[in-house]
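Asker: Input file: structure.cif. Contents: mmCIF, C-alpha atoms.
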```cif
data_work
#
loop_
_atom_site.group_PDB
_atom_site.id
_atom_site.type_symbol
_atom_site.label_atom_id
_atom_site.label_comp_id
_atom_site.auth_asym_id
_atom_site.auth_seq_id
_atom_site.Cartn_x
_atom_site.Cartn_y
_atom_site.Cartn_z
ATOM 1 C CA ASP O 87 -77.588 13.050 71.327
ATOM 2 C CA TYR O 88 -79.829 10.770 73.401
ATOM 3 C CA ARG O 89 -79.122 7.616 71.323
ATOM 4 C CA LEU O 90 -82.825 7.173 70.597
ATOM 5 C CA ILE O 91 -82.064 4.694 67.866
ATOM 6 C CA ASP O 92 -80.808 2.279 70.545
ATOM 7 C CA ASP O 93 -83.730 2.840 72.938
ATOM 8 C CA HIS O 94 -86.605 0.625 71.843
ATOM 9 C CA ASP O 95 -88.850 1.948 74.635
ATOM 10 C CA ALA O 96 -88.662 5.560 73.449
ATOM 11 C CA THR O 97 -91.581 7.180 71.654
ATOM 12 C CA VAL O 98 -90.817 10.374 69.755
ATOM 13 C CA LEU O 99 -93.495 12.795 68.589
ATOM 14 C CA VAL O 100 -92.371 15.108 65.788
ATOM 15 C CA SER O 101 -94.666 17.930 64.687
ATOM 16 C CA GLU O 102 -93.419 19.159 61.323
ATOM 17 C CA ASN O 103 -94.779 21.116 58.356
ATOM 18 C CA LEU O 104 -91.967 20.191 55.971
ATOM 19 C CA SER O 105 -92.261 17.734 53.121
ATOM 20 C CA GLU O 106 -90.289 14.482 53.255
ATOM 21 C CA LYS O 107 -87.758 15.905 50.785
ATOM 22 C CA GLU O 108 -87.281 19.042 52.896
ATOM 23 C CA LEU O 109 -87.012 16.991 56.080
ATOM 24 C CA ARG O 110 -84.314 14.814 54.537
ATOM 25 C CA SER O 111 -82.373 17.918 53.493
ATOM 26 C CA GLU O 112 -82.743 20.155 56.555
ATOM 27 C CA HIS O 113 -82.864 17.559 59.360
ATOM 28 C CA SER O 114 -80.990 14.591 57.938
ATOM 29 C CA GLY O 115 -79.902 13.219 61.329
ATOM 30 C CA LEU O 116 -83.449 13.205 62.700
ATOM 31 C CA PHE O 117 -84.809 11.732 59.488
ATOM 32 C CA ARG O 118 -82.323 8.843 59.685
ATOM 33 C CA VAL O 119 -83.613 8.020 63.170
ATOM 34 C CA LEU O 120 -87.245 8.210 62.076
ATOM 35 C CA SER O 121 -86.750 6.128 58.947
ATOM 36 C CA ALA O 122 -84.459 3.463 60.436
ATOM 37 C CA GLU O 123 -85.587 -0.142 59.926
ATOM 38 C CA SER O 124 -85.712 -0.650 63.701
ATOM 39 C CA SER O 125 -88.213 2.198 64.122
ATOM 40 C CA THR O 126 -91.959 1.833 63.894
ATOM 41 C CA VAL O 127 -93.154 5.021 62.233
ATOM 42 C CA LYS O 128 -96.730 6.326 62.146
ATOM 43 C CA ASN O 129 -97.425 9.421 60.089
ATOM 44 C CA ILE O 130 -100.468 11.138 61.598
ATOM 45 C CA GLU O 131 -102.098 13.836 59.491
ATOM 46 C CA LYS O 132 -104.831 16.215 60.645
ATOM 47 C CA LEU O 133 -108.271 14.782 60.003
ATOM 48 C CA GLU O 134 -110.222 16.529 57.267
ATOM 49 C CA GLY O 135 -113.426 16.068 55.289
ATOM 50 C CA ALA O 136 -115.226 12.732 55.604
ATOM 51 C CA LYS O 137 -112.584 11.271 57.939
ATOM 52 C CA LEU O 138 -113.101 14.136 60.389
ATOM 53 C CA TYR O 139 -116.908 13.870 60.236
ATOM 54 C CA ASN O 140 -116.788 10.092 60.762
ATOM 55 C CA TRP O 141 -114.479 10.520 63.746
ATOM 56 C CA ILE O 142 -116.900 12.992 65.366
ATOM 57 C CA ILE O 143 -119.835 10.652 64.772
ATOM 58 C CA GLU O 144 -117.908 7.724 66.273
ATOM 59 C CA GLU O 145 -116.924 9.756 69.361
ATOM 60 C CA PHE O 146 -120.592 10.552 69.947
ATOM 61 C CA ASN O 147 -121.413 6.838 69.526
ATOM 62 C CA ILE O 148 -118.837 5.939 72.191
ATOM 63 C CA ARG O 149 -120.667 8.283 74.559
ATOM 64 C CA GLY O 150 -124.074 6.730 73.843
ATOM 65 C CA CYS O 151 -125.304 9.433 71.458
ATOM 66 C CA LEU O 152 -126.250 9.430 67.798
ATOM 67 C CA ALA O 153 -124.968 12.140 65.496
ATOM 68 C CA THR O 154 -125.462 12.740 61.789
ATOM 69 C CA GLU O 155 -122.940 14.123 59.315
ATOM 70 C CA ILE O 156 -124.916 17.382 59.358
ATOM 71 C CA VAL O 157 -124.227 17.697 63.095
ATOM 72 C CA ALA O 158 -120.556 16.844 62.551
ATOM 73 C CA ARG O 159 -120.281 19.496 59.838
ATOM 74 C CA LYS O 160 -121.887 22.058 62.140
ATOM 75 C CA ILE O 161 -119.337 21.361 64.874
ATOM 76 C CA VAL O 162 -116.445 21.666 62.417
ATOM 77 C CA ASN O 163 -117.870 24.939 61.068
ATOM 78 C CA LEU O 164 -117.928 26.346 64.595
ATOM 79 C CA ALA O 165 -114.797 24.791 66.100
ATOM 80 C CA GLY O 166 -112.544 24.190 63.079
ATOM 81 C CA ASN O 167 -110.542 20.979 62.853
ATOM 82 C CA ASP O 168 -108.772 21.402 66.199
ATOM 83 C CA SER O 169 -109.261 17.924 67.659
ATOM 84 C CA TRP O 170 -108.704 19.084 71.263
ATOM 85 C CA ARG O 171 -111.429 21.716 70.910
ATOM 86 C CA ILE O 172 -113.757 19.296 69.127
ATOM 87 C CA ILE O 173 -113.421 16.485 71.675
ATOM 88 C CA ASN O 174 -114.223 18.905 74.484
ATOM 89 C CA GLU O 175 -117.300 20.131 72.596
ATOM 90 C CA ILE O 176 -118.374 16.509 72.027
ATOM 91 C CA GLU O 177 -117.987 15.781 75.752
ATOM 92 C CA LYS O 178 -120.057 18.825 76.643
ATOM 93 C CA VAL O 179 -122.861 18.091 74.172
ATOM 94 C CA ALA O 180 -122.940 14.380 75.071
ATOM 95 C CA ALA O 181 -123.157 15.234 78.790
ATOM 96 C CA TYR O 182 -126.118 17.494 78.017
ATOM 97 C CA ARG O 183 -127.860 15.047 75.692
ATOM 98 C CA GLU O 184 -126.972 11.931 77.793
ATOM 99 C CA SER O 185 -128.343 9.582 75.129
ATOM 100 C CA GLY O 186 -130.326 9.626 71.913
ATOM 101 C CA GLU O 187 -129.840 11.803 68.856
ATOM 102 C CA VAL O 188 -127.827 15.013 68.956
ATOM 103 C CA THR O 189 -129.631 17.849 67.172
ATOM 104 C CA ILE O 190 -128.510 21.024 65.444
ATOM 105 C CA GLN O 191 -130.334 22.911 68.202
ATOM 106 C CA ASP O 192 -128.037 21.240 70.774
ATOM 107 C CA ILE O 193 -124.986 22.447 68.861
ATOM 108 C CA ASP O 194 -126.359 25.981 68.484
ATOM 109 C CA LEU O 195 -127.043 26.121 72.216
ATOM 110 C CA LEU O 196 -123.767 24.694 73.509
ATOM 111 C CA VAL O 197 -121.006 25.274 70.934
ATOM 112 C CA ASN O 198 -119.710 28.815 70.475
ATOM 113 C CA SER O 199 -118.166 29.812 67.168
ATOM 114 C CA LYS O 200 -115.531 31.799 69.028
ATOM 115 C CA THR O 201 -113.709 30.397 72.032
ATOM 116 C CA ASP O 202 -114.011 33.196 74.562
ATOM 117 C CA PRO O 203 -111.383 32.888 77.320
ATOM 118 C CA SER O 204 -113.652 34.716 79.773
ATOM 119 C CA ILE O 205 -115.968 31.737 80.204
ATOM 120 C CA PHE O 206 -112.979 29.541 81.021
ATOM 121 C CA ASN O 207 -111.735 32.149 83.498
ATOM 122 C CA LEU O 208 -115.110 31.913 85.204
ATOM 123 C CA ILE O 209 -114.937 28.123 85.383
ATOM 124 C CA ASP O 210 -111.339 28.242 86.630
ATOM 125 C CA ALA O 211 -112.295 30.707 89.382
ATOM 126 C CA MET O 212 -115.136 28.411 90.412
ATOM 127 C CA ALA O 213 -112.803 25.383 90.488
ATOM 128 C CA ALA O 214 -110.316 27.341 92.612
ATOM 129 C CA LYS O 215 -113.089 28.293 95.080
ATOM 130 C CA ASN O 216 -112.429 31.978 94.453
ATOM 131 C CA ARG O 217 -115.950 33.097 95.314
ATOM 132 C CA SER O 218 -115.562 36.853 94.848
ATOM 133 C CA ARG O 219 -113.813 36.414 91.485
ATOM 134 C CA SER O 220 -116.459 33.893 90.365
ATOM 135 C CA LEU O 221 -119.312 36.270 91.159
ATOM 136 C CA GLU O 222 -117.520 39.157 89.468
ATOM 137 C CA LEU O 223 -116.953 37.143 86.284
ATOM 138 C CA LEU O 224 -120.497 35.757 86.359
ATOM 139 C CA TYR O 225 -121.858 39.311 86.512
ATOM 140 C CA GLN O 226 -119.662 40.321 83.562
ATOM 141 C CA GLU O 227 -120.732 37.298 81.498
ATOM 142 C CA LEU O 228 -124.440 37.936 82.070
ATOM 143 C CA LYS O 229 -124.080 41.683 81.504
ATOM 144 C CA LEU O 230 -122.435 40.991 78.135
ATOM 145 C CA GLY O 231 -125.375 38.828 77.141
ATOM 146 C CA ARG O 232 -123.976 35.333 77.704
ATOM 147 C CA ASP O 233 -126.749 32.726 77.664
ATOM 148 C CA PRO O 234 -127.291 31.649 81.316
ATOM 149 C CA TYR O 235 -127.981 28.100 80.192
ATOM 150 C CA TYR O 236 -124.626 27.960 78.407
ATOM 151 C CA ILE O 237 -122.934 28.965 81.675
ATOM 152 C CA LEU O 238 -124.883 26.252 83.496
ATOM 153 C CA THR O 239 -123.785 23.571 81.014
ATOM 154 C CA MET O 240 -120.139 24.665 81.322
ATOM 155 C CA VAL O 241 -120.329 24.437 85.127
ATOM 156 C CA LEU O 242 -121.989 21.031 84.883
ATOM 157 C CA TYR O 243 -119.266 19.851 82.511
ATOM 158 C CA GLN O 244 -116.509 21.107 84.834
ATOM 159 C CA LEU O 245 -118.031 19.518 87.925
ATOM 160 C CA ARG O 246 -118.350 16.235 86.074
ATOM 161 C CA ASN O 247 -114.633 16.449 85.269
ATOM 162 C CA LEU O 248 -113.794 17.282 88.897
ATOM 163 C CA LEU O 249 -115.757 14.255 90.102
ATOM 164 C CA MET O 250 -114.072 11.887 87.653
ATOM 165 C CA VAL O 251 -110.547 13.145 88.348
ATOM 166 C CA LYS O 252 -111.014 13.058 92.128
ATOM 167 C CA ASP O 253 -112.390 9.513 91.959
ATOM 168 C CA MET O 254 -109.571 8.315 89.695
ATOM 169 C CA ARG O 255 -106.891 9.858 91.903
ATOM 170 C CA ALA O 256 -108.466 8.213 94.970
ATOM 171 C CA ARG O 257 -108.089 4.901 93.132
ATOM 172 C CA GLY O 258 -104.373 5.543 92.808
ATOM 173 C CA TYR O 259 -104.115 6.609 89.158
ATOM 174 C CA GLY O 260 -101.578 9.227 88.076
ATOM 175 C CA GLN O 261 -102.105 12.229 85.814
ATOM 176 C CA VAL O 262 -101.310 10.452 82.537
ATOM 177 C CA GLU O 263 -103.544 7.464 83.277
ATOM 178 C CA ILE O 264 -106.398 9.715 84.446
ATOM 179 C CA ALA O 265 -106.276 11.667 81.174
ATOM 180 C CA LYS O 266 -106.241 8.427 79.185
ATOM 181 C CA ARG O 267 -109.127 6.774 81.044
ATOM 182 C CA THR O 268 -111.383 9.848 81.331
ATOM 183 C CA ARG O 269 -110.546 11.239 77.861
ATOM 184 C CA ILE O 270 -110.028 14.659 79.460
ATOM 185 C CA SER O 271 -107.117 16.616 77.988
ATOM 186 C CA PRO O 272 -103.877 16.276 80.027
ATOM 187 C CA PHE O 273 -103.738 20.072 80.406
ATOM 188 C CA VAL O 274 -107.205 20.144 81.995
ATOM 189 C CA VAL O 275 -106.386 17.147 84.232
ATOM 190 C CA ARG O 276 -103.257 18.924 85.499
ATOM 191 C CA LYS O 277 -105.244 22.079 86.312
ATOM 192 C CA ILE O 278 -107.898 20.053 88.132
ATOM 193 C CA LEU O 279 -105.314 18.146 90.183
ATOM 194 C CA ASN O 280 -103.914 21.476 91.388
ATOM 195 C CA THR O 281 -107.261 22.451 92.959
ATOM 196 C CA ILE O 282 -109.070 19.173 93.592
ATOM 197 C CA ASP O 283 -108.170 19.034 97.305
ATOM 198 C CA LEU O 284 -110.290 22.147 97.863
ATOM 199 C CA PHE O 285 -113.384 19.975 97.390
ATOM 200 C CA SER O 286 -114.568 16.903 99.253
ATOM 201 C CA GLN O 287 -116.277 14.110 97.317
ATOM 202 C CA GLU O 288 -119.517 14.842 99.166
ATOM 203 C CA GLU O 289 -119.295 18.544 98.315
ATOM 204 C CA LEU O 290 -118.759 17.868 94.618
ATOM 205 C CA THR O 291 -121.630 15.385 94.529
ATOM 206 C CA ARG O 292 -123.940 17.834 96.307
ATOM 207 C CA ASN O 293 -123.058 20.661 93.904
ATOM 208 C CA TYR O 294 -123.440 18.389 90.906
ATOM 209 C CA ASN O 295 -126.918 17.302 92.019
ATOM 210 C CA GLN O 296 -127.839 20.940 92.689
ATOM 211 C CA ILE O 297 -126.921 21.863 89.120
ATOM 212 C CA LEU O 298 -128.944 18.958 87.771
ATOM 213 C CA ASN O 299 -131.918 20.272 89.746
ATOM 214 C CA LEU O 300 -131.369 23.744 88.246
ATOM 215 C CA ASP O 301 -131.335 22.179 84.796
ATOM 216 C CA VAL O 302 -134.656 20.458 85.432
ATOM 217 C CA GLY O 303 -136.202 23.561 87.006
ATOM 218 C CA PHE O 304 -135.125 25.750 84.100
ATOM 219 C CA LYS O 305 -136.577 23.363 81.535
ATOM 220 C CA LYS O 306 -139.846 23.259 83.476
ATOM 221 C CA GLY O 307 -139.917 27.057 83.715
ATOM 222 C CA THR O 308 -140.099 27.033 87.516
ATOM 223 C CA LEU O 309 -137.011 29.145 88.297
ATOM 224 C CA ASN O 310 -135.084 32.194 87.177
ATOM 225 C CA LEU O 311 -131.775 30.813 85.941
ATOM 226 C CA GLU O 312 -129.761 34.037 86.363
ATOM 227 C CA ASP O 313 -130.738 34.368 90.026
ATOM 228 C CA SER O 314 -130.072 30.668 90.565
ATOM 229 C CA LEU O 315 -126.573 30.971 89.079
ATOM 230 C CA TYR O 316 -125.704 33.772 91.524
ATOM 231 C CA ILE O 317 -126.914 31.615 94.425
ATOM 232 C CA LEU O 318 -124.943 28.651 93.090
ATOM 233 C CA PHE O 319 -121.649 30.532 92.700
ATOM 234 C CA ALA O 320 -122.054 32.239 96.078
ATOM 235 C CA ALA O 321 -122.255 28.784 97.684
ATOM 236 C CA PHE O 322 -118.998 27.473 96.195
#
```
Written as structure tokens, that's how I'd like the structure from this file.

Answerer:
Amino acid sequence: DYRLIDDHDATVLVSENLSEKELRSEHSGLFRVLSAESSTVKNIEKLEGAKLYNWIIEEFNIRGCLATEIVARKIVNLAGNDSWRIINEIEKVAAYRESGEVTIQDIDLLVNSKTDPSIFNLIDAMAAKNRSRSLELLYQELKLGRDPYYILTMVLYQLRNLLMVKDMRARGYGQVEIAKRTRISPFVVRKILNTIDLFSQEELTRNYNQILNLDVGFKKGTLNLEDSLYILFAAF
């Protein structure tokens, strides 16, 4: 209907669980477009096995971290082979580790086997500057036994994303280019852009440095992390 075969600038993404034979039979018109000599076709399968492990290791390398196949297997065991989920877990672990070798202990600390929407609701409330909702959700998370350090790493990860997106937008980049350059999922970039004007650059930087100080204080054993999280969320 849209004469895609004549539009050499069009890129079509087709997500399909049919075999080639079934596709030919049930969607013959679409298949003719996809298989035309003028089309450049790339068949992209889900990564599995060694290819998936190697991809995870390479993504850690890009972020200045070293990861073994054992670490990659652990992430897959916890997150499945959902590449969006995995890349976000890699970002989070790499931000925590900063450089050097990623350990199984890092994965156990930061990667949950079950994606619990409540933690994302907490982060979203924080990003929207909904202070009362943030404190309410923080109380619920801690009452249910959520590791305070896991909450801290999620907040640190979100603030890092807020800083990058705000900086990129100030440089004149649009949503698509921001997602491409920061490697943050387009969905997350869109959500951040909807709330980013609530924060000044100075405010984000100050909060980010405050969280880094909490991280250091917790590791040194000089502060109570639960109390510090309440103070942090009350200040947003």

Asker: Run the PyMOL selection byres ((chain O and resi 220) around 9) against the file shown and list the residues it catches, as a ChimeraX atom specification.

Answerer: /O:207-212,215-219,221-225,319-320

Asker: I'd like to know which of O:Lys277, O:Gly231, O:Arg118, O:Phe285 is closest to Glu106 (chain O), using all atoms listed in the file.

Answerer: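 Using all atoms listed in the file, Glu106 (chain O) sits closest to O:Arg118.
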
Asker: Here's the selection I'm unsure about, the PyMOL selection byres ((chain O and resi 262-276) around 8); applied to the file above, which residues does it give, as a list in words?

Answerer: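 Taken on the displayed file, the PyMOL selection byres ((chain O and resi 262-276) around 8) yields the residues Trp170, Asn174, Asn247, Met250, Val251, Met254, Arg255, Tyr259, Gly260, Gln261, Lys277, Ile278, Leu279 and Asn280 of chain O.
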
Asker: Please evaluate the PyMOL selection byres ((chain O and resi 144-156) around 12) against the displayed coordinates and give the resulting residues as a PyMOL selection string.

Answerer: chain O and resi 135-143+157-163+169+172-193+268-269

Asker: Using Å and a single decimal, report how far CA of Leu309 (chain O) sits from CA of Ile205 (chain O).

Answerer: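 Distance reported for this atom pair: 22.7 Å.
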
Asker: Using all atoms listed in the file, which of the listed residues (O:Tyr243, O:Phe117, O:Tyr294, O:Tyr88) sits closest to Phe322 (chain O)?

Answerer: O:Tyr294

Asker: Can you measure CA of Leu311 (chain O) to CA of Leu238 (chain O) for me? One decimal in Å is fine.

Answerer: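 Answer for the CA of Leu311 (chain O) to CA of Leu238 (chain O) separation: 8.6 Å.
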
Asker: Enter the distance from CA of Asp93 (chain O) to CA of Glu112 (chain O), in Å, rounded to one decimal.

Answerer: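 Taking CA of Asp93 (chain O) as the start and CA of Glu112 (chain O) as the end point, the length is 23.9 Å.
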
Asker: When you look at Thr126 (chain O) with a cut-off of 10 Å (counting only C-alpha atoms), what residues show up, excluding the ones that are within fewer than 5 positions of it in the same chain? I need them as number ranges by chain.

Answerer: O: 94, 97, 120-121

Asker: Output C-alpha atoms for every residue in the selection just made, as a CSV table (one decimal), in the frame of the given file.

Answerer:
```csv
chain,number,residue,atom,x,y,z
O,94,HIS,CA,-86.6,0.6,71.8
O,97,THR,CA,-91.6,7.2,71.7
O,120,LEU,CA,-87.2,8.2,62.1
O,121,SER,CA,-86.8,6.1,58.9
```

Asker: So, with only C-alpha atoms as the atoms that count, which of O:Glu102, O:Lys132, O:Lys306, O:Asp283 lies closest to Ala256 (chain O)?

Answerer: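 Checking each candidate against Ala256 (chain O), we get O:Asp283 as the closest.
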